[in-house]
Structure formats: C-alpha cells, structure tokens
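Have a look at work.pdb; it's PDB, C-alpha atoms:
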ATOM      1  CA  MET A   1     -45.997  46.029 282.520
ATOM      2  CA  ILE A   2     -42.802  43.994 282.277
ATOM      3  CA  THR A   3     -42.816  40.362 281.121
ATOM      4  CA  VAL A   4     -40.136  37.932 282.278
ATOM      5  CA  LEU A   5     -39.349  34.713 280.384
ATOM      6  CA  CYS A   6     -38.757  32.075 283.039
ATOM      7  CA  GLY A   7     -37.326  28.708 283.805
ATOM      8  CA  GLY A   8     -37.036  27.580 287.415
ATOM      9  CA  VAL A   9     -34.874  28.697 290.333
ATOM     10  CA  GLY A  10     -32.921  31.558 288.710
ATOM     11  CA  ALA A  11     -36.060  33.046 287.225
ATOM     12  CA  ALA A  12     -37.966  32.671 290.489
ATOM     13  CA  ARG A  13     -35.243  34.526 292.365
ATOM     14  CA  LEU A  14     -35.164  37.303 289.788
ATOM     15  CA  LEU A  15     -38.947  37.728 289.930
ATOM     16  CA  SER A  16     -38.871  37.819 293.708
ATOM     17  CA  LEU A  17     -36.107  40.423 293.603
ATOM     18  CA  LEU A  18     -37.883  42.604 291.063
ATOM     19  CA  GLU A  19     -41.214  42.358 292.860
ATOM     20  CA  ARG A  20     -39.498  43.567 296.028
ATOM     21  CA  GLU A  21     -37.242  46.253 294.550
ATOM     22  CA  ALA A  22     -39.296  47.581 291.616
ATOM     23  CA  ARG A  23     -42.749  48.116 293.089
ATOM     24  CA  GLU A  24     -43.670  50.786 290.552
ATOM     25  CA  PHE A  25     -43.720  48.135 287.803
ATOM     26  CA  LYS A  26     -46.141  45.272 287.193
ATOM     27  CA  PHE A  27     -44.505  41.998 286.260
ATOM     28  CA  THR A  28     -45.820  38.966 284.396
ATOM     29  CA  ALA A  29     -44.050  35.605 284.276
ATOM     30  CA  VAL A  30     -44.119  33.489 281.099
ATOM     31  CA  VAL A  31     -42.936  30.065 282.199
ATOM     32  CA  ASN A  32     -41.410  27.007 280.544
ATOM     33  CA  VAL A  33     -43.540  23.847 280.629
ATOM     34  CA  ALA A  34     -41.269  21.453 278.720
ATOM     35  CA  ASP A  35     -39.961  20.145 282.070
ATOM     36  CA  ASP A  36     -43.458  18.954 282.981
ATOM     37  CA  LEU A  37     -44.032  15.250 283.500
ATOM     38  CA  VAL A  38     -46.732  12.762 284.371
ATOM     39  CA  LEU A  39     -45.673  10.526 287.245
ATOM     40  CA  HIS A  40     -47.850   8.305 289.449
ATOM     41  CA  GLY A  41     -50.730   9.514 287.288
ATOM     42  CA  LEU A  42     -50.090  13.112 288.378
ATOM     43  CA  THR A  43     -49.236  16.093 286.177
ATOM     44  CA  ILE A  44     -46.213  17.811 287.697
ATOM     45  CA  CYS A  45     -45.071  21.265 286.530
ATOM     46  CA  PRO A  46     -41.741  21.961 288.256
ATOM     47  CA  ASP A  47     -40.985  25.429 286.833
ATOM     48  CA  LEU A  48     -44.505  26.745 287.387
ATOM     49  CA  ASP A  49     -44.434  25.466 290.960
ATOM     50  CA  THR A  50     -40.956  26.820 291.710
ATOM     51  CA  VAL A  51     -41.978  30.286 290.554
ATOM     52  CA  THR A  52     -45.235  30.137 292.517
ATOM     53  CA  TYR A  53     -43.674  28.802 295.727
ATOM     54  CA  THR A  54     -40.819  31.323 295.600
ATOM     55  CA  LEU A  55     -43.106  34.316 295.093
ATOM     56  CA  ALA A  56     -45.309  33.017 297.907
ATOM     57  CA  LYS A  57     -42.194  32.736 300.117
ATOM     58  CA  ILE A  58     -42.877  29.075 300.898
ATOM     59  CA  ASN A  59     -40.132  27.545 298.740
ATOM     60  CA  ASN A  60     -37.500  25.253 300.197
ATOM     61  CA  GLU A  61     -34.308  27.331 300.026
ATOM     62  CA  VAL A  62     -32.117  24.477 301.257
ATOM     63  CA  MET A  63     -33.151  21.971 298.590
ATOM     64  CA  GLY A  64     -33.745  24.567 295.875
ATOM     65  CA  TRP A  65     -37.148  23.108 294.976
ATOM     66  CA  GLY A  66     -40.359  22.093 296.682
ATOM     67  CA  LEU A  67     -41.896  23.506 299.851
ATOM     68  CA  VAL A  68     -40.424  24.626 303.146
ATOM     69  CA  ASP A  69     -41.043  22.445 306.227
ATOM     70  CA  GLU A  70     -41.717  19.478 303.979
ATOM     71  CA  THR A  71     -42.157  15.873 305.088
ATOM     72  CA  TRP A  72     -41.518  12.751 303.007
ATOM     73  CA  ARG A  73     -43.657   9.948 304.438
ATOM     74  CA  VAL A  74     -45.381   9.065 301.156
ATOM     75  CA  ASN A  75     -42.176   9.037 299.116
ATOM     76  CA  LYS A  76     -40.349   6.911 301.703
ATOM     77  CA  GLU A  77     -43.198   4.402 301.808
ATOM     78  CA  LEU A  78     -43.259   4.301 297.995
ATOM     79  CA  GLU A  79     -39.540   3.531 297.978
ATOM     80  CA  LYS A  80     -40.064   0.658 300.424
ATOM     81  CA  LEU A  81     -42.716  -0.740 298.085
ATOM     82  CA  GLY A  82     -40.273  -0.638 295.179
ATOM     83  CA  GLY A  83     -42.038   2.185 293.334
ATOM     84  CA  GLN A  84     -40.442   5.024 291.362
ATOM     85  CA  ALA A  85     -39.151   7.182 294.196
ATOM     86  CA  TRP A  86     -36.208   8.820 292.421
ATOM     87  CA  PHE A  87     -38.313  11.916 291.685
ATOM     88  CA  GLN A  88     -38.935  12.964 295.252
ATOM     89  CA  LEU A  89     -42.354  14.411 295.960
ATOM     90  CA  GLY A  90     -42.917  15.858 299.410
ATOM     91  CA  ASP A  91     -46.196  15.305 301.211
ATOM     92  CA  ARG A  92     -47.307  18.949 301.000
ATOM     93  CA  ASP A  93     -46.057  19.313 297.442
ATOM     94  CA  MET A  94     -48.077  16.241 296.505
ATOM     95  CA  ALA A  95     -51.265  18.195 297.233
ATOM     96  CA  THR A  96     -50.378  20.663 294.474
ATOM     97  CA  HIS A  97     -50.002  17.877 291.932
ATOM     98  CA  LEU A  98     -53.166  16.124 293.059
ATOM     99  CA  TYR A  99     -55.113  19.369 292.728
ATOM    100  CA  ARG A 100     -53.656  20.183 289.305
ATOM    101  CA  SER A 101     -54.358  16.692 288.004
ATOM    102  CA  GLN A 102     -57.924  16.851 289.296
ATOM    103  CA  ARG A 103     -58.566  20.200 287.646
ATOM    104  CA  LEU A 104     -57.022  19.137 284.332
ATOM    105  CA  ALA A 105     -59.210  16.017 284.356
ATOM    106  CA  GLU A 106     -62.200  18.303 284.876
ATOM    107  CA  GLY A 107     -61.288  20.235 281.735
ATOM    108  CA  ALA A 108     -59.318  23.166 283.152
ATOM    109  CA  THR A 109     -56.206  24.404 281.332
ATOM    110  CA  LYS A 110     -52.729  24.733 282.808
ATOM    111  CA  THR A 111     -53.195  28.491 282.640
ATOM    112  CA  GLU A 112     -56.361  28.306 284.706
ATOM    113  CA  VAL A 113     -54.771  25.978 287.249
ATOM    114  CA  ALA A 114     -51.677  28.192 287.528
ATOM    115  CA  ARG A 115     -53.947  31.161 288.236
ATOM    116  CA  GLU A 116     -55.876  29.211 290.876
ATOM    117  CA  LEU A 117     -52.718  28.049 292.632
ATOM    118  CA  ALA A 118     -51.255  31.560 292.576
ATOM    119  CA  ALA A 119     -54.465  32.955 294.077
ATOM    120  CA  HIS A 120     -54.464  30.259 296.770
ATOM    121  CA  HIS A 121     -50.910  31.204 297.752
ATOM    122  CA  LYS A 122     -51.711  34.938 297.541
ATOM    123  CA  VAL A 123     -49.344  35.595 294.637
ATOM    124  CA  GLY A 124     -50.566  38.645 292.745
ATOM    125  CA  LEU A 125     -48.124  38.429 289.858
ATOM    126  CA  PRO A 126     -49.604  36.625 286.787
ATOM    127  CA  ILE A 127     -47.832  33.294 286.223
ATOM    128  CA  LEU A 128     -48.478  32.084 282.679
ATOM    129  CA  PRO A 129     -47.451  28.731 281.196
ATOM    130  CA  VAL A 130     -46.186  29.520 277.692
ATOM    131  CA  THR A 131     -48.609  26.955 276.251
ATOM    132  CA  ASP A 132     -51.474  24.877 277.607
ATOM    133  CA  GLU A 133     -50.497  21.957 275.395
ATOM    134  CA  HIS A 134     -48.136  19.167 276.340
ATOM    135  CA  VAL A 135     -44.535  19.591 275.221
ATOM    136  CA  ALA A 136     -41.624  17.594 276.594
ATOM    137  CA  THR A 137     -37.849  17.927 276.549
ATOM    138  CA  TYR A 138     -35.850  14.840 275.582
ATOM    139  CA  LEU A 139     -32.073  14.515 275.472
ATOM    140  CA  GLU A 140     -29.895  12.123 273.513
ATOM    141  CA  THR A 141     -27.093  11.055 275.834
ATOM    142  CA  ASP A 142     -24.288   8.552 276.305
ATOM    143  CA  ILE A 143     -26.755   6.171 277.925
ATOM    144  CA  GLY A 144     -29.602   6.631 275.450
ATOM    145  CA  GLU A 145     -32.547   8.991 275.206
ATOM    146  CA  LEU A 146     -33.691  10.492 278.496
ATOM    147  CA  SER A 147     -36.645  12.634 279.439
ATOM    148  CA  PHE A 148     -35.709  15.937 281.032
ATOM    149  CA  GLN A 149     -36.372  14.782 284.588
ATOM    150  CA  GLU A 150     -34.517  11.508 284.056
ATOM    151  CA  TYR A 151     -31.520  13.528 282.898
ATOM    152  CA  PHE A 152     -31.777  16.293 285.461
ATOM    153  CA  VAL A 153     -32.905  14.434 288.578
ATOM    154  CA  LYS A 154     -32.360  10.698 288.159
ATOM    155  CA  HIS A 155     -28.911  11.058 286.565
ATOM    156  CA  ARG A 156     -28.157  14.452 288.173
ATOM    157  CA  HIS A 157     -27.372  15.995 284.741
ATOM    158  CA  ASN A 158     -24.097  14.085 284.811
ATOM    159  CA  VAL A 159     -24.160  12.357 281.409
ATOM    160  CA  PRO A 160     -22.924  13.890 278.125
ATOM    161  CA  VAL A 161     -25.674  15.230 275.844
ATOM    162  CA  TYR A 162     -25.597  15.180 272.041
ATOM    163  CA  LYS A 163     -28.989  16.570 271.092
ATOM    164  CA  ILE A 164     -32.063  18.180 272.660
ATOM    165  CA  THR A 165     -35.557  17.893 271.213
ATOM    166  CA  PHE A 166     -38.887  19.324 272.331
ATOM    167  CA  ARG A 167     -41.589  16.813 271.525
ATOM    168  CA  GLY A 168     -44.937  18.276 270.586
ATOM    169  CA  ILE A 169     -43.536  21.761 270.092
ATOM    170  CA  GLU A 170     -44.576  22.056 266.433
ATOM    171  CA  GLU A 171     -48.212  21.467 267.332
ATOM    172  CA  ALA A 172     -48.177  23.706 270.406
ATOM    173  CA  THR A 173     -49.574  27.225 270.426
ATOM    174  CA  PRO A 174     -48.798  30.026 272.855
ATOM    175  CA  THR A 175     -51.789  31.017 274.940
ATOM    176  CA  ASN A 176     -53.676  34.217 274.214
ATOM    177  CA  GLU A 177     -52.538  35.535 277.584
ATOM    178  CA  VAL A 178     -48.888  34.946 276.705
ATOM    179  CA  MET A 179     -49.110  36.596 273.295
ATOM    180  CA  ALA A 180     -50.914  39.567 274.823
ATOM    181  CA  ALA A 181     -48.232  39.930 277.495
ATOM    182  CA  LEU A 182     -45.382  39.730 274.990
ATOM    183  CA  SER A 183     -47.111  42.178 272.624
ATOM    184  CA  THR A 184     -48.144  44.838 275.128
ATOM    185  CA  SER A 185     -45.337  44.791 277.720
ATOM    186  CA  GLU A 186     -43.185  47.886 277.745
ATOM    187  CA  ARG A 187     -40.120  45.716 278.298
ATOM    188  CA  ILE A 188     -39.264  42.009 278.311
ATOM    189  CA  ILE A 189     -36.565  40.368 280.420
ATOM    190  CA  ILE A 190     -35.056  36.928 279.820
ATOM    191  CA  ALA A 191     -34.229  35.505 283.245
ATOM    192  CA  PRO A 192     -30.868  33.875 284.039
ATOM    193  CA  SER A 193     -32.301  30.437 283.377
ATOM    194  CA  ASN A 194     -30.665  27.649 281.400
ATOM    195  CA  PRO A 195     -30.697  28.899 277.774
ATOM    196  CA  LEU A 196     -30.902  25.434 276.235
ATOM    197  CA  LEU A 197     -33.285  23.690 278.624
ATOM    198  CA  SER A 198     -35.464  26.421 280.137
ATOM    199  CA  ILE A 199     -35.665  29.342 277.695
ATOM    200  CA  ALA A 200     -35.229  27.498 274.375
ATOM    201  CA  PRO A 201     -38.531  25.581 274.721
ATOM    202  CA  VAL A 202     -40.332  28.857 275.453
ATOM    203  CA  LEU A 203     -38.861  30.433 272.337
ATOM    204  CA  ALA A 204     -39.584  27.298 270.282
ATOM    205  CA  VAL A 205     -43.357  27.510 270.734
ATOM    206  CA  PRO A 206     -44.497  28.706 267.280
ATOM    207  CA  GLY A 207     -45.083  32.446 267.221
ATOM    208  CA  VAL A 208     -43.056  33.367 270.316
ATOM    209  CA  ARG A 209     -39.613  33.871 268.760
ATOM    210  CA  GLU A 210     -41.135  35.587 265.738
ATOM    211  CA  LEU A 211     -42.901  38.116 267.960
ATOM    212  CA  LEU A 212     -39.815  38.737 270.079
ATOM    213  CA  GLN A 213     -37.650  39.346 267.021
ATOM    214  CA  THR A 214     -39.746  42.445 266.347
ATOM    215  CA  ARG A 215     -39.039  43.776 269.851
ATOM    216  CA  ARG A 216     -35.263  43.416 270.227
ATOM    217  CA  GLU A 217     -34.662  46.927 271.611
ATOM    218  CA  SER A 218     -37.237  46.270 274.328
ATOM    219  CA  ILE A 219     -35.635  43.015 275.457
ATOM    220  CA  ALA A 220     -32.879  42.518 278.018
ATOM    221  CA  ALA A 221     -31.339  39.351 279.423
ATOM    222  CA  VAL A 222     -29.347  38.461 282.509
ATOM    223  CA  SER A 223     -26.484  36.089 281.775
ATOM    224  CA  PRO A 224     -26.846  32.765 283.606
ATOM    225  CA  LEU A 225     -23.085  32.174 283.449
ATOM    226  CA  ILE A 226     -20.465  33.868 285.612
ATOM    227  CA  GLY A 227     -16.848  33.264 284.746
ATOM    228  CA  GLY A 228     -17.989  30.523 282.386
ATOM    229  CA  ARG A 229     -19.797  28.639 285.133
ATOM    230  CA  ALA A 230     -23.425  28.156 286.077
ATOM    231  CA  LEU A 231     -24.254  28.845 289.707
ATOM    232  CA  LYS A 232     -26.693  25.934 289.613
ATOM    233  CA  GLY A 233     -27.471  23.269 287.032
ATOM    234  CA  PRO A 234     -25.762  22.068 283.848
ATOM    235  CA  ALA A 235     -25.921  25.166 281.610
ATOM    236  CA  ASP A 236     -22.144  25.540 281.330
ATOM    237  CA  HIS A 237     -21.157  21.990 280.413
ATOM    238  CA  LEU A 238     -24.332  21.475 278.364
ATOM    239  CA  MET A 239     -23.465  24.461 276.174
ATOM    240  CA  SER A 240     -19.995  23.075 275.671
ATOM    241  CA  GLU A 241     -21.299  19.599 274.820
ATOM    242  CA  LEU A 242     -23.616  21.047 272.177
ATOM    243  CA  GLY A 243     -20.983  23.235 270.550
ATOM    244  CA  PHE A 244     -21.622  26.621 272.154
ATOM    245  CA  GLU A 245     -19.033  28.685 273.999
ATOM    246  CA  PRO A 246     -19.774  28.373 277.739
ATOM    247  CA  SER A 247     -19.505  32.054 278.611
ATOM    248  CA  SER A 248     -21.600  35.195 278.818
ATOM    249  CA  TYR A 249     -20.545  35.966 275.266
ATOM    250  CA  GLY A 250     -21.553  32.453 274.204
ATOM    251  CA  VAL A 251     -25.007  32.912 275.723
ATOM    252  CA  ALA A 252     -25.388  36.309 274.032
ATOM    253  CA  ALA A 253     -24.369  34.814 270.687
ATOM    254  CA  TYR A 254     -26.801  31.926 271.219
ATOM    255  CA  TYR A 255     -29.755  34.302 271.708
ATOM    256  CA  GLY A 256     -28.567  36.349 268.740
ATOM    257  CA  ASP A 257     -31.012  38.936 267.449
ATOM    258  CA  LEU A 258     -33.550  38.486 270.241
ATOM    259  CA  VAL A 259     -31.819  40.591 272.891
ATOM    260  CA  GLY A 260     -30.957  44.282 272.767
ATOM    261  CA  HIS A 261     -29.344  44.682 276.187
ATOM    262  CA  TRP A 262     -27.284  42.372 278.398
ATOM    263  CA  PHE A 263     -26.582  42.320 282.122
ATOM    264  CA  ILE A 264     -23.357  40.428 282.821
ATOM    265  CA  ASP A 265     -21.411  39.904 286.009
ATOM    266  CA  GLU A 266     -18.380  42.054 286.761
ATOM    267  CA  VAL A 267     -16.269  38.885 286.636
ATOM    268  CA  ASP A 268     -16.962  38.894 282.882
ATOM    269  CA  ILE A 269     -16.127  42.554 282.265
ATOM    270  CA  ASP A 270     -13.499  41.483 279.730
ATOM    271  CA  GLN A 271     -16.304  40.086 277.545
ATOM    272  CA  ALA A 272     -18.354  43.286 277.465
ATOM    273  CA  GLU A 273     -16.762  44.722 274.330
ATOM    274  CA  LYS A 274     -17.060  41.414 272.492
ATOM    275  CA  ILE A 275     -20.758  41.185 273.399
ATOM    276  CA  GLU A 276     -21.298  44.779 272.268
ATOM    277  CA  GLY A 277     -19.856  43.657 268.935
ATOM    278  CA  LEU A 278     -23.073  41.675 268.485
ATOM    279  CA  GLY A 279     -24.920  44.998 268.170
ATOM    280  CA  VAL A 280     -26.194  45.155 271.741
ATOM    281  CA  SER A 281     -25.574  47.292 274.808
ATOM    282  CA  VAL A 282     -24.125  45.844 278.015
ATOM    283  CA  THR A 283     -24.311  46.634 281.723
ATOM    284  CA  VAL A 284     -21.604  45.131 283.945
ATOM    285  CA  LEU A 285     -22.550  44.673 287.596
ATOM    286  CA  PRO A 286     -22.759  42.015 290.330
ATOM    287  CA  THR A 287     -25.428  39.439 289.438
ATOM    288  CA  ILE A 288     -25.367  36.799 292.208
ATOM    289  CA  MET A 289     -28.831  37.102 293.726
ATOM    290  CA  ALA A 290     -28.049  34.923 296.741
ATOM    291  CA  GLU A 291     -25.867  37.754 298.075
ATOM    292  CA  PRO A 292     -27.910  40.782 299.300
ATOM    293  CA  THR A 293     -25.463  43.456 298.127
ATOM    294  CA  SER A 294     -25.108  41.844 294.723
ATOM    295  CA  ALA A 295     -28.871  41.333 294.402
ATOM    296  CA  SER A 296     -29.479  44.994 295.185
ATOM    297  CA  ALA A 297     -26.931  46.064 292.558
ATOM    298  CA  LEU A 298     -28.618  43.849 289.956
ATOM    299  CA  ALA A 299     -32.047  45.215 290.846
ATOM    300  CA  GLN A 300     -30.841  48.805 290.546
ATOM    301  CA  GLY A 301     -29.216  48.073 287.196
ATOM    302  CA  ILE A 302     -32.405  46.549 285.833
ATOM    303  CA  LEU A 303     -34.431  49.469 287.246
ATOM    304  CA  SER A 304     -32.186  51.911 285.397
ATOM    305  CA  TRP A 305     -32.788  50.032 282.150
ATOM    306  CA  LEU A 306     -36.534  49.884 282.768
ATOM    307  CA  SER A 307     -36.667  53.597 283.436
TER
END

Now that the file is in, can you turn its structure into structure tokens?
Amino acid sequence: MITVLCGGVGAARLLSLLEREAREFKFTAVVNVADDLVLHGLTICPDLDTVTYTLAKINNEVMGWGLVDETWRVNKELEKLGGQAWFQLGDRDMATHLYRSQRLAEGATKTEVARELAAHHKVGLPILPVTDEHVATYLETDIGELSFQEYFVKHRHNVPVYKITFRGIEEATPTNEVMAALSTSERIIIAPSNPLLSIAPVLAVPGVRELLQTRRESIAAVSPLIGGRALKGPADHLMSELGFEPSSYGVAAYYGDLVGHWFIDEVDIDQAEKIEGLGVSVTVLPTIMAEPTSASALAQGILSWLS
C-alpha cells in the first residue's frame, strides 16, 4: 500500500495517474481539510471533493474544480437576491454539500461521509480526511485577515500574505485510519500540492509530522514548482512572501527532514545537486501531468522508486 498526502488539483491528478499506471499497487489518499468552510449552512470540503470527482472521472477539467456538465441556476438566482455568490456552487455539486451536511448533522464523521461519497461515485481508492475535527486556514494579508476561501477564491490569491495560521489545529487529532495508513504503508508520497496551504495543515495535525519523521527513507515528494513557478495557484509567490525560496530547492528545504527522495522537473536539473546536499536523492524527469508524454515519464519514475 502507498499513501499519498494530498491537497486539491495537483494531488488529484497524481492519484489518477498512479491509479492508471501503477495497478499493482494500492493507493490511499490522506487529504487536507483546512480549506473546508461552512457556507449557506452547508459544510463544503473542496479538496476531498476534488480528489473524489477526479478519481470518478466526473471533474470539470475546464474550470479545475467542481463537476463536469454543471449548471448554475441556484448560484445565479442567489446572486440576483444579493446573497453570497462569490463562492460558486454548481447545481449538481450542491447535492454533495447538502448530503454531507445532512450526514454530519446525523452524527456521521467526515471520514464516514468521504467513504460514502467515494462508494457512490464508484471510487475504490480510500479517501481519508486527515482529521474529522474542524480546522481552518486563515491568512494575514494587506487587506486584513482572510479565510482561505476568501483569499483563494474571492480575492483570487492576489493579495500579499504575511502569516498563515491553522485554527483548531492544536486540538485536532488524526483519525485512526490516517495513522494506520501512514504507519503501515510501504511508501508515502507527498503530492505536488501547495506546500504552505495544502500540505502544511496535514503535517500540522499533532502526531502526523512526528510519525513521518521516523519514515524519511520511505517518503518521496513531487515538486510543485517548475522553473520557480507554480502551474496553478499561488505557491510560488506565497513562498516568496513568507521568506522561502520559490524553487524546487526551496520546497525541498521547506520540507526538510521529512522527505528522502525528490522528483523534480528537468527544467530544474541545475538544482539537483543542491537538493542532494540536503541529504536526499533526486530524480530529474518531466513532471507536467497535463501532457501525456510527461505524465507517463513521471509515472514511470515513481514506479521505479516504488519498486
């Protein structure tokens, strides 16, 4: 069994790739929940849903989130009424959030709901929220403190950030399923998700980082930056704003003693030796999963490491 630490789109694509190309392995996804929010009385879990929809092959590739063949009648009517329509919820997607909110009100956990939704969409891969408790990412910015979704969606991650906090993280506990997966997996992969916004809150849940530090040689990561740039999202400029070098080396240094092997894009081959100086091994290969040839090369490189 291989466990993958996940954020949203990048992680979902990696899981989909591995599930397709590495059928001899069983994968488990441990997913960030600090992006979750309550809006219109509904509990919305964007990363969990992105992973589920992508593995079910019903994700909206054009928008990068939500469901394919979506309609927007409810959201448009809400906007006309003067309601909070900046966080766009499609009509079909709304059913997911209604169901989750119903089940949570009935006493189910996020883990149980994630399992039910995966089963409904015929996803066989276990999708595990890192914790069942509520944690939330907040960012101190030029225009005041923003919740994650206010920063990411409402302001399109286009305001400078000075500090990131994860509210509720000290009281959170990783689920038994997550700790079992991290303890018993033969290997662990950190997906090319935003290190500061997607993976950091997973690692910050008490007990997770401490366990992973004992497994460094079994852990690999795919750099989310190529040539110092993020393919999607604010990882590059956010790292710079918070004092980290926005490069594959900077990401490797940020993760420090958690990772034993790195996959970096061939564009960053000049950084390989510097990354190896951190006491890790490095594989240089194409990493852009949106391109079939590159995706295949990445899959084969990861397969070689797994084997």

Show me as a VMD selection string the residues that reach within 10 Å of (-27.0, 45.8, 281.2), counting all atoms listed in the file and using the file's own coordinates. chain A and resid 220 to 223 260 to 265 272 280 to 285 298 301 to 302 304 to 305

I'd like the neighbourhood of region 76-90 of chain A as a list in words, where a residue qualifies if any of its atoms comes within 9 Å (using all atoms listed in the file), though same-chain residues fewer than 3 positions away should be ignored. Leu39, His40, Gly66, Leu67, Glu70, Thr71, Trp72, Arg73, Asp93, Met94, Ala95, Gln149, Glu150, Val153 and Lys154 of chain A

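Between CA of Leu197 (chain A) and CA of Met1 (chain A) the interatomic distance comes to 26.0 Å.
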
Translate the PyMOL selection byres ((chain A and resi 134) around 10) into a concrete residue list for this structure, as an mmCIF file with C-alpha atoms, keeping the file's coordinate frame.
data_model
loop_
_atom_site.group_PDB
_atom_site.id
_atom_site.type_symbol
_atom_site.label_atom_id
_atom_site.label_comp_id
_atom_site.auth_asym_id
_atom_site.auth_seq_id
_atom_site.Cartn_x
_atom_site.Cartn_y
_atom_site.Cartn_z
ATOM 1 C CA VAL A 33 -43.540 23.847 280.629
ATOM 2 C CA ALA A 34 -41.269 21.453 278.720
ATOM 3 C CA ASP A 36 -43.458 18.954 282.981
ATOM 4 C CA LEU A 37 -44.032 15.250 283.500
ATOM 5 C CA LYS A 110 -52.729 24.733 282.808
ATOM 6 C CA THR A 131 -48.609 26.955 276.251
ATOM 7 C CA ASP A 132 -51.474 24.877 277.607
ATOM 8 C CA GLU A 133 -50.497 21.957 275.395
ATOM 9 C CA VAL A 135 -44.535 19.591 275.221
ATOM 10 C CA ALA A 136 -41.624 17.594 276.594
ATOM 11 C CA ARG A 167 -41.589 16.813 271.525
ATOM 12 C CA GLY A 168 -44.937 18.276 270.586
ATOM 13 C CA ILE A 169 -43.536 21.761 270.092
ATOM 14 C CA GLU A 171 -48.212 21.467 267.332
ATOM 15 C CA ALA A 172 -48.177 23.706 270.406
#

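Residue nearest Ile219 (chain A), chosen from A:Leu98, A:Leu306, A:Cys6, A:Ala253 and counting all atoms listed in the file: A:Leu306.
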
I'd like the residues picked by the PyMOL selection byres ((chain A and resi 183-193) around 9) written out as a PyMOL selection string, using the chain letters and numbers from the file. chain A and resi 1-12+14-15+28+178-182+194-199+211-212+215+217-225+235+259+306

Take the selection from the previous step and output its residues with C-alpha atoms, as a PDB file, in the coordinates of the input.
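Saved to part.pdb:
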ATOM      1  CA  MET A   1     -45.997  46.029 282.520  1.00  0.00           C
ATOM      2  CA  ILE A   2     -42.802  43.994 282.277  1.00  0.00           C
ATOM      3  CA  THR A   3     -42.816  40.362 281.121  1.00  0.00           C
ATOM      4  CA  VAL A   4     -40.136  37.932 282.278  1.00  0.00           C
ATOM      5  CA  LEU A   5     -39.349  34.713 280.384  1.00  0.00           C
ATOM      6  CA  CYS A   6     -38.757  32.075 283.039  1.00  0.00           C
ATOM      7  CA  GLY A   7     -37.326  28.708 283.805  1.00  0.00           C
ATOM      8  CA  GLY A   8     -37.036  27.580 287.415  1.00  0.00           C
ATOM      9  CA  VAL A   9     -34.874  28.697 290.333  1.00  0.00           C
ATOM     10  CA  GLY A  10     -32.921  31.558 288.710  1.00  0.00           C
ATOM     11  CA  ALA A  11     -36.060  33.046 287.225  1.00  0.00           C
ATOM     12  CA  ALA A  12     -37.966  32.671 290.489  1.00  0.00           C
ATOM     13  CA  LEU A  14     -35.164  37.303 289.788  1.00  0.00           C
ATOM     14  CA  LEU A  15     -38.947  37.728 289.930  1.00  0.00           C
ATOM     15  CA  THR A  28     -45.820  38.966 284.396  1.00  0.00           C
ATOM     16  CA  VAL A 178     -48.888  34.946 276.705  1.00  0.00           C
ATOM     17  CA  MET A 179     -49.110  36.596 273.295  1.00  0.00           C
ATOM     18  CA  ALA A 180     -50.914  39.567 274.823  1.00  0.00           C
ATOM     19  CA  ALA A 181     -48.232  39.930 277.495  1.00  0.00           C
ATOM     20  CA  LEU A 182     -45.382  39.730 274.990  1.00  0.00           C
ATOM     21  CA  ASN A 194     -30.665  27.649 281.400  1.00  0.00           C
ATOM     22  CA  PRO A 195     -30.697  28.899 277.774  1.00  0.00           C
ATOM     23  CA  LEU A 196     -30.902  25.434 276.235  1.00  0.00           C
ATOM     24  CA  LEU A 197     -33.285  23.690 278.624  1.00  0.00           C
ATOM     25  CA  SER A 198     -35.464  26.421 280.137  1.00  0.00           C
ATOM     26  CA  ILE A 199     -35.665  29.342 277.695  1.00  0.00           C
ATOM     27  CA  LEU A 211     -42.901  38.116 267.960  1.00  0.00           C
ATOM     28  CA  LEU A 212     -39.815  38.737 270.079  1.00  0.00           C
ATOM     29  CA  ARG A 215     -39.039  43.776 269.851  1.00  0.00           C
ATOM     30  CA  GLU A 217     -34.662  46.927 271.611  1.00  0.00           C
ATOM     31  CA  SER A 218     -37.237  46.270 274.328  1.00  0.00           C
ATOM     32  CA  ILE A 219     -35.635  43.015 275.457  1.00  0.00           C
ATOM     33  CA  ALA A 220     -32.879  42.518 278.018  1.00  0.00           C
ATOM     34  CA  ALA A 221     -31.339  39.351 279.423  1.00  0.00           C
ATOM     35  CA  VAL A 222     -29.347  38.461 282.509  1.00  0.00           C
ATOM     36  CA  SER A 223     -26.484  36.089 281.775  1.00  0.00           C
ATOM     37  CA  PRO A 224     -26.846  32.765 283.606  1.00  0.00           C
ATOM     38  CA  LEU A 225     -23.085  32.174 283.449  1.00  0.00           C
ATOM     39  CA  ALA A 235     -25.921  25.166 281.610  1.00  0.00           C
ATOM     40  CA  VAL A 259     -31.819  40.591 272.891  1.00  0.00           C
ATOM     41  CA  LEU A 306     -36.534  49.884 282.768  1.00  0.00           C
TER      42      LEU A 306
END

Of the candidates A:Val123, A:Asp91, A:Ile164, A:Tyr99, which one gets nearest to Ile58 (chain A) if we count all atoms listed in the file? A:Val123

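Note that the spacing between CA of Gln271 (chain A) and CA of Glu19 (chain A) amounts to 29.3 Å.
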
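Rounded to one decimal, CA of Phe166 (chain A) and CA of Arg13 (chain A) lie 25.4 Å from each other.
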
Using the chain letters and numbers from the file, which residues does the PyMOL selection byres ((chain A and resi 124) around 10) grab, as a PyMOL selection string? chain A and resi 26-28+55-56+115+118-119+121-123+125-127

Near Glu177 (chain A), counting all atoms listed in the file, which residues have an atom at most 9 Å away, once you skip same-chain residues fewer than 5 positions from it, shown as a PyMOL selection string? chain A and resi 111+128+130+182

Write out as a VMD selection string which residues come within 12 Å of Leu17 (chain A) when counting only C-alpha atoms, dropping same-chain ones fewer than 6 positions away. chain A and resid 10 to 11 23 27 54 to 55 57 191 287 to 300 302 to 303

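Residue nearest Thr96 (chain A) within the list A:Thr141, A:Ser16, A:Ser147, A:Thr52: A:Thr52 [criterion: smallest interatomic distance, all atoms listed in the file].
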
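If all atoms listed in the file are the atoms counted, then among A:Ile269, A:Val113, A:Leu104, A:Val74 the closest residue to Arg92 (chain A) is A:Val74.
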
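Nearest residue to Met239 (chain A), choosing from A:Pro160, A:Pro286, A:Gly144, A:Gly277 and counting all atoms listed in the file: A:Pro160.
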